[in-house]
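Novice: Below is the file start.cif, with mmCIF, C-alpha atoms and all ligand atoms.
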```
data_structure
loop_
_atom_site.label_atom_id
_atom_site.label_comp_id
_atom_site.auth_asym_id
_atom_site.auth_seq_id
_atom_site.Cartn_x
_atom_site.Cartn_y
_atom_site.Cartn_z
CA MET L 1 -0.18 -12.80 21.83
CA SER L 2 -0.73 -16.05 19.91
CA ALA L 3 1.12 -19.25 19.23
CA THR L 4 2.62 -17.66 16.12
CA THR L 5 4.72 -15.29 18.20
CA ALA L 6 6.08 -17.96 20.52
CA ASP L 7 9.38 -19.76 20.09
CA ARG L 8 11.36 -17.32 18.02
CA GLY L 9 14.61 -17.54 19.87
CA GLY L 10 16.92 -17.01 16.90
CA ASP L 11 14.99 -14.15 15.37
CA PRO L 12 16.62 -10.73 14.97
CA ASN L 13 15.40 -7.80 17.04
CA LEU L 14 14.67 -5.72 14.00
CA SER L 15 13.72 -6.39 10.40
CA ILE L 16 13.75 -3.70 7.76
CA VAL L 17 11.51 -4.42 4.80
CA VAL L 18 12.14 -2.57 1.55
CA PRO L 19 10.19 -3.08 -1.71
CA CYS L 20 12.39 -2.16 -4.67
CA TYR L 21 11.32 -1.38 -8.21
CA ASN L 22 14.07 -0.08 -10.50
CA GLU L 23 16.10 1.17 -7.55
CA ALA L 24 19.58 -0.14 -8.46
CA ALA L 25 21.13 3.34 -8.30
CA VAL L 26 20.08 4.07 -4.74
CA LEU L 27 20.33 0.69 -2.99
CA ARG L 28 23.93 0.93 -1.77
CA ALA L 29 23.30 4.36 -0.27
CA LEU L 30 20.14 2.97 1.30
CA TYR L 31 22.05 0.07 2.83
CA THR L 32 24.73 2.39 4.26
CA ARG L 33 22.19 4.77 5.79
CA LEU L 34 20.07 1.92 7.17
CA ALA L 35 23.09 0.26 8.77
CA ALA L 36 24.12 3.62 10.29
CA ALA L 37 20.59 4.22 11.60
CA CYS L 38 20.57 0.75 13.19
CA ALA L 39 23.91 1.48 14.84
CA ALA L 40 22.55 4.80 16.13
CA ALA L 41 19.58 2.91 17.58
CA GLY L 42 21.98 0.47 19.25
CA GLU L 43 20.78 -2.42 17.11
CA SER L 44 23.40 -4.79 15.71
CA GLU L 45 21.09 -7.75 15.34
CA PHE L 46 18.94 -6.75 12.41
CA GLU L 47 17.95 -8.10 9.04
CA ILE L 48 17.30 -6.11 5.91
CA VAL L 49 14.82 -7.74 3.53
CA LEU L 50 15.08 -6.32 0.02
CA ILE L 51 12.29 -7.36 -2.32
CA ASN L 52 12.91 -7.01 -6.02
CA ASP L 53 9.50 -6.35 -7.56
CA GLY L 54 10.24 -7.39 -11.12
CA SER L 55 12.57 -4.45 -11.80
CA ARG L 56 13.71 -3.76 -15.34
CA ASP L 57 17.15 -2.53 -14.30
CA ASN L 58 19.82 -4.50 -12.42
CA THR L 59 18.23 -4.10 -8.98
CA TRP L 60 18.40 -7.87 -8.33
CA GLU L 61 22.12 -8.04 -9.09
CA VAL L 62 22.75 -5.15 -6.68
CA ILE L 63 20.63 -6.88 -4.02
CA LEU L 64 22.59 -10.12 -4.47
CA GLY L 65 25.82 -8.15 -4.09
CA LEU L 66 24.59 -6.72 -0.80
CA CYS L 67 23.49 -10.20 0.39
CA LYS L 68 26.97 -11.53 -0.23
CA HIS L 69 28.61 -8.54 1.43
CA ASP L 70 26.49 -8.70 4.60
CA ARG L 71 24.74 -11.83 5.87
CA ARG L 72 22.12 -9.67 7.55
CA VAL L 73 20.72 -8.84 4.12
CA THR L 74 18.06 -11.12 2.64
CA GLY L 75 17.10 -10.87 -1.01
CA VAL L 76 13.68 -11.79 -2.36
CA ASP L 77 13.12 -11.87 -6.09
CA LEU L 78 9.47 -11.82 -7.15
CA SER L 79 8.57 -13.57 -10.38
CA ARG L 80 7.28 -10.33 -11.99
CA ASN L 81 6.14 -6.82 -11.04
CA HIS L 82 3.45 -7.36 -8.41
CA GLY L 83 3.10 -3.71 -7.33
CA HIS L 84 4.29 -1.94 -4.20
CA GLN L 85 1.65 -3.29 -1.78
CA LEU L 86 2.15 -6.93 -2.75
CA ALA L 87 5.94 -6.62 -2.75
CA LEU L 88 5.61 -5.22 0.73
CA SER L 89 3.29 -8.10 1.69
CA ALA L 90 5.94 -10.57 0.52
CA GLY L 91 8.57 -8.85 2.68
CA LEU L 92 6.29 -8.76 5.71
CA ALA L 93 5.51 -12.44 5.28
CA LEU L 94 9.17 -13.44 5.08
CA CYS L 95 10.80 -11.20 7.67
CA ARG L 96 11.42 -12.53 11.17
CA GLY L 97 12.26 -9.56 13.38
CA ARG L 98 10.59 -8.78 16.70
CA ARG L 99 10.07 -5.31 15.33
CA VAL L 100 9.61 -4.48 11.67
CA LEU L 101 10.44 -1.22 9.92
CA VAL L 102 8.87 -0.63 6.51
CA ILE L 103 10.62 1.94 4.35
CA ASP L 104 10.73 2.95 0.67
CA ALA L 105 13.95 2.26 -1.21
CA ASP L 106 14.29 5.74 -2.66
CA LEU L 107 15.35 7.43 0.62
CA GLN L 108 12.35 9.75 0.63
CA ASP L 109 11.70 8.56 4.15
CA PRO L 110 14.78 9.28 6.30
CA PRO L 111 16.19 6.10 7.94
CA GLU L 112 17.62 8.42 10.62
CA LEU L 113 14.18 8.50 12.27
CA LEU L 114 14.67 4.88 13.36
CA PRO L 115 16.13 5.63 16.85
CA GLU L 116 13.21 7.95 17.62
CA MET L 117 10.72 5.33 16.38
CA MET L 118 12.37 2.68 18.55
CA ARG L 119 12.16 4.99 21.55
CA LEU L 120 8.45 5.56 21.01
CA MET L 121 7.98 1.81 20.82
CA ASP L 122 9.97 1.31 24.03
CA ASP L 123 7.47 3.71 25.58
CA GLY L 124 4.60 1.43 24.64
CA ALA L 125 3.60 2.15 21.03
CA ASP L 126 2.65 -0.91 18.96
CA VAL L 127 2.92 0.98 15.68
CA VAL L 128 4.88 4.18 15.02
CA TYR L 129 3.93 5.67 11.66
CA GLY L 130 5.66 8.51 9.88
CA GLN L 131 3.33 11.39 9.07
CA ARG L 132 4.45 13.74 6.32
CA ARG L 133 4.61 17.36 7.29
CA SER L 134 5.90 18.32 3.86
CA ARG L 135 6.91 16.63 0.62
CA ALA L 136 10.01 17.87 -1.14
CA GLY L 137 10.68 17.36 -4.82
CA GLU L 138 7.18 16.25 -5.74
CA GLY L 139 5.07 17.97 -8.35
CA ARG L 140 1.94 20.02 -7.68
CA PHE L 141 -0.26 17.29 -9.10
CA LYS L 142 1.11 14.59 -6.81
CA THR L 143 0.97 16.78 -3.70
CA LEU L 144 -2.53 18.07 -4.42
CA SER L 145 -3.95 14.68 -5.41
CA ALA L 146 -2.42 13.02 -2.35
CA THR L 147 -3.67 15.74 0.00
CA GLY L 148 -7.18 15.55 -1.47
CA PHE L 149 -7.21 11.77 -1.56
CA TYR L 150 -6.25 11.23 2.09
CA ARG L 151 -8.98 13.63 3.19
CA VAL L 152 -11.68 12.03 1.05
CA LEU L 153 -10.56 8.63 2.32
CA GLN L 154 -10.80 9.78 5.90
CA ARG L 155 -14.38 10.93 5.36
CA LEU L 156 -15.45 7.74 3.60
CA ALA L 157 -13.53 5.03 5.43
CA ASP L 158 -15.13 2.97 8.17
CA VAL L 159 -11.98 3.18 10.30
CA SER L 160 -9.88 6.25 10.94
CA ILE L 161 -6.90 6.17 8.57
CA PRO L 162 -4.50 9.00 9.48
CA VAL L 163 -3.97 11.56 6.71
CA ASP L 164 -0.62 12.03 4.91
CA THR L 165 0.91 8.73 5.92
CA GLY L 166 2.59 6.22 3.66
CA ASP L 167 3.83 2.79 4.61
CA PHE L 168 6.88 4.16 6.44
CA ARG L 169 6.35 2.73 9.90
CA LEU L 170 7.71 0.58 12.70
CA MET L 171 5.48 -2.28 13.85
CA ARG L 172 5.63 -4.86 16.58
CA ARG L 173 5.81 -8.53 15.58
CA GLU L 174 2.29 -9.13 16.94
CA VAL L 175 0.88 -6.54 14.55
CA VAL L 176 2.84 -7.93 11.60
CA ASP L 177 1.67 -11.48 12.36
CA LEU L 178 -1.94 -10.32 12.38
CA LEU L 179 -1.43 -8.38 9.17
CA ASN L 180 0.04 -11.49 7.56
CA GLN L 181 -3.07 -13.43 8.50
CA MET L 182 -5.40 -11.02 6.72
CA PRO L 183 -6.21 -12.77 3.45
CA GLU L 184 -7.49 -9.88 1.31
CA GLN L 185 -6.11 -9.64 -2.20
CA HIS L 186 -6.47 -5.88 -2.65
CA ARG L 187 -4.10 -4.66 -0.02
CA PHE L 188 -3.96 -1.08 1.19
CA ILE L 189 -1.53 -1.86 3.96
CA ARG L 190 -1.57 1.45 5.83
CA GLY L 191 -5.37 1.11 6.05
CA MET L 192 -5.13 -2.52 7.18
CA VAL L 193 -2.73 -1.52 9.96
CA SER L 194 -5.12 1.24 11.11
CA TRP L 195 -7.97 -1.26 11.02
CA LEU L 196 -6.04 -3.57 13.36
CA GLY L 197 -6.04 -0.98 16.11
CA PHE L 198 -3.59 -1.23 19.05
CA ASN L 199 -1.58 1.73 20.24
CA GLN L 200 -0.57 3.67 17.11
CA VAL L 201 1.58 6.76 17.42
CA ALA L 202 2.41 9.37 14.75
CA LEU L 203 5.90 10.72 14.18
CA PRO L 204 5.79 13.88 12.01
CA TYR L 205 8.61 14.29 9.49
CA ASP L 206 9.55 16.12 6.32
CA ARG L 207 9.56 13.94 3.24
CA GLU L 208 12.70 14.32 1.16
CA ALA L 209 13.02 14.32 -2.60
CA ARG L 210 13.80 11.02 -4.30
CA GLY L 211 17.48 9.91 -4.06
CA THR L 212 17.76 9.06 -7.73
CA GLY L 213 15.62 7.55 -10.44
CA GLU L 214 11.95 8.25 -10.91
CA THR L 215 8.74 7.28 -9.21
CA GLY L 216 7.50 3.72 -9.82
CA TYR L 217 3.97 4.93 -9.13
CA THR L 218 2.46 5.70 -12.49
CA LEU L 219 -0.91 7.46 -12.60
CA ARG L 220 -2.48 4.07 -13.26
CA LYS L 221 -0.92 2.54 -10.15
CA MET L 222 -1.97 5.56 -8.08
CA VAL L 223 -5.59 5.27 -9.25
CA ARG L 224 -5.55 1.56 -8.50
CA LEU L 225 -4.20 2.14 -4.99
CA GLY L 226 -6.83 4.83 -4.43
CA LEU L 227 -9.65 2.52 -5.56
CA ASP L 228 -8.31 -0.30 -3.38
CA ALA L 229 -8.22 2.06 -0.42
CA ILE L 230 -11.76 3.33 -0.90
CA THR L 231 -13.44 0.05 -1.84
CA GLY L 232 -11.46 -1.81 0.82
CA PHE L 233 -12.45 0.45 3.65
CA SER L 234 -15.81 1.87 2.69
CA THR L 235 -19.07 0.87 1.09
CA ALA L 236 -20.18 4.49 0.90
CA PRO L 237 -19.81 4.63 -2.93
CA LEU L 238 -22.42 1.88 -3.21
CA ARG L 239 -24.87 4.20 -1.51
CA PHE L 240 -23.99 6.92 -4.00
CA ALA L 241 -26.57 5.64 -6.47
CA THR L 242 -29.31 6.00 -3.89
CA TYR L 243 -28.33 9.56 -3.00
CA LEU L 244 -28.06 10.54 -6.66
CA ALA L 245 -31.37 8.90 -7.45
CA CYS L 246 -33.03 10.92 -4.66
CA SER L 247 -31.63 14.25 -5.83
CA PHE L 248 -32.42 13.57 -9.45
CA LEU L 249 -35.96 12.61 -8.53
CA VAL L 250 -36.52 16.22 -7.51
CA ILE L 251 -35.20 17.45 -10.86
CA ALA L 252 -37.32 14.88 -12.69
CA ILE L 253 -40.49 16.10 -10.93
CA MET L 254 -39.68 19.70 -11.86
CA LEU L 255 -39.12 18.65 -15.48
CA ALA L 256 -42.41 16.77 -15.50
CA ILE L 257 -44.28 19.86 -14.31
CA TYR L 258 -42.54 21.96 -16.97
CA ASP L 259 -43.48 19.38 -19.61
CA VAL L 260 -47.14 19.53 -18.68
CA PHE L 261 -47.17 23.32 -18.87
CA ALA L 262 -45.33 23.30 -22.18
CA LEU L 263 -47.88 20.86 -23.56
CA ILE L 264 -50.80 23.01 -22.43
CA LEU L 265 -49.25 26.20 -23.80
CA GLY L 266 -48.40 24.44 -27.07
CA GLY L 267 -44.63 24.95 -26.97
CA THR L 268 -43.68 21.26 -27.11
CA VAL L 269 -40.92 21.50 -29.73
CA ARG L 270 -39.01 23.96 -27.59
CA GLY L 271 -38.59 21.21 -25.03
CA TRP L 272 -36.08 19.33 -27.17
CA ALA L 273 -33.01 20.83 -25.48
CA SER L 274 -34.16 20.04 -22.00
CA MET L 275 -35.14 16.51 -23.04
CA PHE L 276 -31.74 15.91 -24.50
CA LEU L 277 -30.03 17.33 -21.47
CA ALA L 278 -32.06 15.16 -19.13
CA LEU L 279 -31.23 12.10 -21.23
CA LEU L 280 -27.52 12.90 -21.05
CA VAL L 281 -27.53 13.51 -17.33
CA PHE L 282 -29.53 10.43 -16.42
CA SER L 283 -27.61 8.07 -18.67
CA SER L 284 -24.23 9.25 -17.41
CA VAL L 285 -25.39 8.92 -13.82
CA GLN L 286 -26.57 5.40 -14.56
CA LEU L 287 -23.26 4.51 -16.16
CA PHE L 288 -21.37 5.93 -13.20
CA CYS L 289 -23.44 3.87 -10.77
CA LEU L 290 -23.00 0.75 -12.88
CA GLY L 291 -19.25 1.35 -12.90
CA MET L 292 -19.24 1.71 -9.13
CA LEU L 293 -21.10 -1.58 -8.78
CA GLY L 294 -18.64 -3.13 -11.21
CA GLU L 295 -15.72 -2.09 -9.02
CA TYR L 296 -17.13 -4.02 -6.09
CA VAL L 297 -18.35 -7.00 -8.10
CA GLY L 298 -14.93 -7.29 -9.75
CA ARG L 299 -13.28 -7.30 -6.37
CA ILE L 300 -15.64 -9.99 -5.07
CA TYR L 301 -14.68 -12.10 -8.07
CA ILE L 302 -10.98 -11.65 -7.51
CA GLU L 303 -11.26 -12.35 -3.78
CA ALA L 304 -13.26 -15.49 -4.57
CA ARG L 305 -10.44 -16.86 -6.75
CA ARG L 306 -8.09 -16.94 -3.76
CA ARG L 307 -4.92 -16.82 -5.80
CA PRO L 308 -1.66 -16.51 -3.87
CA LEU L 309 -0.74 -12.89 -3.28
CA PHE L 310 2.75 -13.15 -4.68
CA ILE L 311 5.23 -15.58 -6.18
CA VAL L 312 8.82 -15.59 -4.98
CA LYS L 313 11.10 -16.75 -7.77
CA GLU L 314 14.29 -16.74 -5.75
CA LEU L 315 15.14 -16.23 -2.11
CA TYR L 316 18.63 -15.49 -0.87
CA ARG L 317 19.07 -15.93 2.86
CA ALA L 318 22.18 -16.47 4.92
CA PRO L 319 22.65 -20.18 5.72
CA GLY L 320 20.85 -21.11 8.91
CA ALA L 321 18.21 -18.48 8.46
CA ALA L 322 16.74 -20.04 5.35
CA ALA L 323 13.24 -21.48 5.24
CA SER L 324 12.60 -20.65 8.89
CA ARG L 325 9.34 -19.12 7.84
CA LEU L 326 7.15 -19.65 4.85
CA PRO L 327 4.68 -17.00 3.80
CA GLU L 328 1.05 -17.65 4.45
CA HIS L 329 -0.51 -16.11 1.36
CA GLY L 330 2.29 -16.39 -1.16
CA LEU L 331 4.19 -19.12 -2.97
CA VAL L 332 7.94 -19.62 -2.98
CA ALA L 333 9.55 -21.58 -5.81
CA GLU L 334 11.09 -24.42 -3.84
CA ARG L 335 14.29 -24.91 -5.75
CA ASP L 336 15.77 -21.65 -4.51
CA LEU L 337 14.86 -21.71 -0.85
CA VAL L 338 18.28 -22.55 0.50
CA PRO L 339 21.34 -20.91 -1.06
CA GLU L 340 24.28 -23.19 -1.83
CA PRO L 341 26.80 -23.30 1.00
CA GLY L 342 29.47 -20.66 0.69
CA LYS L 343 27.63 -18.85 -2.09
N1 LIG L 401 7.65 0.05 -5.76
C1 LIG L 401 7.48 -1.34 -5.94
N2 LIG L 401 6.73 -1.76 -7.00
C2 LIG L 401 6.11 -0.89 -7.86
C3 LIG L 401 6.27 0.49 -7.64
C4 LIG L 401 7.03 0.92 -6.57
O1 LIG L 401 8.01 -2.14 -5.18
O2 LIG L 401 5.46 -1.37 -8.78
C5 LIG L 401 8.47 0.51 -4.60
C6 LIG L 401 9.55 1.53 -4.94
O3 LIG L 401 10.75 0.91 -5.29
C7 LIG L 401 9.67 2.30 -3.64
C8 LIG L 401 8.26 2.26 -3.08
O4 LIG L 401 7.60 1.16 -3.72
O5 LIG L 401 10.55 1.66 -2.72
C9 LIG L 401 7.49 3.55 -3.32
O6 LIG L 401 7.46 3.82 -4.69
P1 LIG L 401 7.79 5.24 -5.32
O7 LIG L 401 8.93 5.89 -4.62
O8 LIG L 401 7.94 5.03 -6.77
O9 LIG L 401 6.43 5.99 -5.00
P2 LIG L 401 6.25 7.52 -4.56
O10 LIG L 401 7.19 7.77 -3.44
O11 LIG L 401 6.55 8.32 -5.77
O12 LIG L 401 4.81 7.57 -4.14
MG MG L 402 9.14 7.49 -3.48
#
```
As structure tokens, what does this structure read like?

Specialist:
Amino acid sequence: MSATTADRGGDPNLSIVVPCYNEAAVLRALYTRLAAACAAAGESEFEIVLINDGSRDNTWEVILGLCKHDRRVTGVDLSRNHGHQLALSAGLALCRGRRVLVIDADLQDPPELLPEMMRLMDDGADVVYGQRRSRAGEGRFKTLSATGFYRVLQRLADVSIPVDTGDFRLMRREVVDLLNQMPEQHRFIRGMVSWLGFNQVALPYDREARGTGETGYTLRKMVRLGLDAITGFSTAPLRFATYLACSFLVIAIMLAIYDVFALILGGTVRGWASMFLALLVFSSVQLFCLGMLGEYVGRIYIEARRRPLFIVKELYRAPGAAASRLPEHGLVAERDLVPEPGK
């Protein structure tokens, strides 16, 4: 496609990118199941990129252990918790495979779907995304909010973002390279991939319950992801103020007529309740619209700062593979780029 995809002789056929936040307990099982899935897909030349997103448990130690056990495992240690989407961005920027599988660490997305995904890609798909038919082990709130959110997003977004999909997907190198070139700071990666286009194919699956541990997505992080998705892919909320203003204009005219009549009939004091109500309604609508504007203005400010997306504190790659690619929108602390020989 472009010069960036040329000359990658030594690159593995497949990269598997896994953001990890407090996932120490599940990582070995993940590694075993991933390796088995690769074998089932007939892939021996793969790399697994595990990104430690500032975990508070011993995730990094477990990752280092896996790196030392198998040279196909690369460990990336971010300098702090950057959040799922940025950890994923770091992995996508550093991986080298001709195809890239993105998967959560907690085994909610079955690695066993890999052979089927590879087959669909052999048949011409550029992106194969997992689409959740069901979600096991997740509370009513999470299921309902996710179901509602993906449908609202689909109505508002400027591009069609398939409902009930996460970041579990297999992508061609061309798509990953393009994704890596997109500079936006607020990254809703599944939306960015949809925006890119190409031939995208859904693979329906049943989402399993978490292996162990608990979700790293707090309510706060979920709201943030939702806002990034909506503001990143739609300007419809900015038009909200106009729609609201139009509908409230009708109410305001009716109130004005009522006021005039009340004045004529001498019942002015009775109008206090409606006055107060109108005041409440209009001021909260104004605040809401201001907040909406603030969301966009804040994002413009952050985009304008152009900070790097992520900071890699330490990078553990098998000798020979190291430093073959530097991320475009992130920084890597130089001292740790190449592991000591025999380490
Ligand atoms: N994750 C991360 N940083 C965070 C939160 C989550 O890298 O700040 C990772 C986490 O380890 C997992 C994936 O993102 O591999 C999805 O997170 P989680 O399973 O907690 O989300 P859920 O499945 O509950 O939506
Ligand atoms: Mg999960």

Novice: Dump as a tab-separated table the rows for residues of chain L within 7 Å of ligand LIG 401 (chain L): closest atom pair and distance in Å with one decimal, all atoms listed in the file counted, ordered by chain and rising residue number.

Specialist:
```
residue	atom	partner	partner_atom	distance
L:Val18	CA	L:LIG401	O5	6.2
L:Pro19	CA	L:LIG401	O1	4.2
L:Cys20	CA	L:LIG401	O3	3.5
L:Tyr21	CA	L:LIG401	O3	3.8
L:Asn22	CA	L:LIG401	O3	6.3
L:Glu23	CA	L:LIG401	O3	5.8
L:Asn52	CA	L:LIG401	O1	7.0
L:Asp53	CA	L:LIG401	O1	5.1
L:Asn81	CA	L:LIG401	O2	5.9
L:His82	CA	L:LIG401	O2	6.3
L:Gly83	CA	L:LIG401	O2	3.6
L:His84	CA	L:LIG401	C1	3.7
L:Ala87	CA	L:LIG401	O1	5.5
L:Asp104	CA	L:LIG401	O5	3.6
L:Ala105	CA	L:LIG401	O5	3.8
L:Asp106	CA	L:LIG401	O5	5.5
L:Gln108	CA	L:LIG401	O10	6.9
L:Glu214	CA	L:LIG401	O8	6.6
L:Thr215	CA	L:LIG401	O8	3.4
L:Gly216	CA	L:LIG401	O8	3.3
L:Tyr217	CA	L:LIG401	O8	4.6
```

Novice: With distances taken over all atoms listed in the file, which of L:Asp228, L:Glu112, L:Glu43, L:Asp126 is nearest to Glu184 of chain L?

Specialist: L:Asp228

Novice: Could you tell me how far atom CA of Asp109 of chain L lies from atom CA of Gly130 of chain L, in Å and to one decimal?

Specialist: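 Atom-to-atom, atom CA of Asp109 of chain L and atom CA of Gly130 of chain L are spaced 8.3 Å apart.
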
Novice: Take atom CA of Val159 of chain L and atom CA of Gly191 of chain L and report the distance between them in Å, one decimal.

Specialist: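 Interatomic distance here is 8.1 Å.
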
Novice: Would you mind listing what lies within 12 Å of segment 63-71 of chain L as a PDB file with C-alpha atoms, keeping the file's coordinate frame, with only C-alpha atoms counted and same-chain residues fewer than 5 positions away left out?

Specialist:
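And here's result.pdb as it stands now:
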```pdb
ATOM      1  CA  VAL L  18      12.140  -2.570   1.550  1.00  0.00           C
ATOM      2  CA  PRO L  19      10.190  -3.080  -1.710  1.00  0.00           C
ATOM      3  CA  CYS L  20      12.390  -2.160  -4.670  1.00  0.00           C
ATOM      4  CA  TYR L  21      11.320  -1.380  -8.210  1.00  0.00           C
ATOM      5  CA  ASN L  22      14.070  -0.080 -10.500  1.00  0.00           C
ATOM      6  CA  GLU L  23      16.100   1.170  -7.550  1.00  0.00           C
ATOM      7  CA  ALA L  24      19.580  -0.140  -8.460  1.00  0.00           C
ATOM      8  CA  ALA L  25      21.130   3.340  -8.300  1.00  0.00           C
ATOM      9  CA  VAL L  26      20.080   4.070  -4.740  1.00  0.00           C
ATOM     10  CA  LEU L  27      20.330   0.690  -2.990  1.00  0.00           C
ATOM     11  CA  ARG L  28      23.930   0.930  -1.770  1.00  0.00           C
ATOM     12  CA  ALA L  29      23.300   4.360  -0.270  1.00  0.00           C
ATOM     13  CA  LEU L  30      20.140   2.970   1.300  1.00  0.00           C
ATOM     14  CA  TYR L  31      22.050   0.070   2.830  1.00  0.00           C
ATOM     15  CA  THR L  32      24.730   2.390   4.260  1.00  0.00           C
ATOM     16  CA  ALA L  35      23.090   0.260   8.770  1.00  0.00           C
ATOM     17  CA  GLU L  45      21.090  -7.750  15.340  1.00  0.00           C
ATOM     18  CA  PHE L  46      18.940  -6.750  12.410  1.00  0.00           C
ATOM     19  CA  GLU L  47      17.950  -8.100   9.040  1.00  0.00           C
ATOM     20  CA  ILE L  48      17.300  -6.110   5.910  1.00  0.00           C
ATOM     21  CA  VAL L  49      14.820  -7.740   3.530  1.00  0.00           C
ATOM     22  CA  LEU L  50      15.080  -6.320   0.020  1.00  0.00           C
ATOM     23  CA  ILE L  51      12.290  -7.360  -2.320  1.00  0.00           C
ATOM     24  CA  ASN L  52      12.910  -7.010  -6.020  1.00  0.00           C
ATOM     25  CA  ASP L  53       9.500  -6.350  -7.560  1.00  0.00           C
ATOM     26  CA  SER L  55      12.570  -4.450 -11.800  1.00  0.00           C
ATOM     27  CA  ASP L  57      17.150  -2.530 -14.300  1.00  0.00           C
ATOM     28  CA  ASN L  58      19.820  -4.500 -12.420  1.00  0.00           C
ATOM     29  CA  VAL L  76      13.680 -11.790  -2.360  1.00  0.00           C
ATOM     30  CA  ASP L  77      13.120 -11.870  -6.090  1.00  0.00           C
ATOM     31  CA  ALA L 105      13.950   2.260  -1.210  1.00  0.00           C
ATOM     32  CA  GLU L 314      14.290 -16.740  -5.750  1.00  0.00           C
ATOM     33  CA  LEU L 315      15.140 -16.230  -2.110  1.00  0.00           C
ATOM     34  CA  TYR L 316      18.630 -15.490  -0.870  1.00  0.00           C
ATOM     35  CA  ARG L 317      19.070 -15.930   2.860  1.00  0.00           C
ATOM     36  CA  ALA L 318      22.180 -16.470   4.920  1.00  0.00           C
ATOM     37  CA  PRO L 319      22.650 -20.180   5.720  1.00  0.00           C
ATOM     38  CA  GLY L 320      20.850 -21.110   8.910  1.00  0.00           C
ATOM     39  CA  ALA L 321      18.210 -18.480   8.460  1.00  0.00           C
ATOM     40  CA  ALA L 322      16.740 -20.040   5.350  1.00  0.00           C
ATOM     41  CA  PRO L 339      21.340 -20.910  -1.060  1.00  0.00           C
ATOM     42  CA  PRO L 341      26.800 -23.300   1.000  1.00  0.00           C
ATOM     43  CA  GLY L 342      29.470 -20.660   0.690  1.00  0.00           C
ATOM     44  CA  LYS L 343      27.630 -18.850  -2.090  1.00  0.00           C
TER      45      LYS L 343
END
```

Novice: Can you work out which one of L:Leu94, L:Val285, L:Ile103, L:Ala256 has the shortest atom-to-atom distance to ligand MG 402 (chain L), counting only C-alpha atoms and all ligand atoms?

Specialist: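 Of the candidates, the smallest distance to ligand MG 402 (chain L) is held by L:Ile103.
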
Novice: For Val128 of chain L, which residue among L:Phe168, L:Tyr205, L:Phe233, L:Trp195 is the nearest when counting only C-alpha atoms?

Specialist: L:Phe168

Novice: Segment 197-203 of chain L: which residues within 8 Å, counting all atoms listed in the file, same-chain residues fewer than 3 positions away excluded, as a PyMOL selection string?

Specialist: chain L and resi 117+120+124-131+193-194
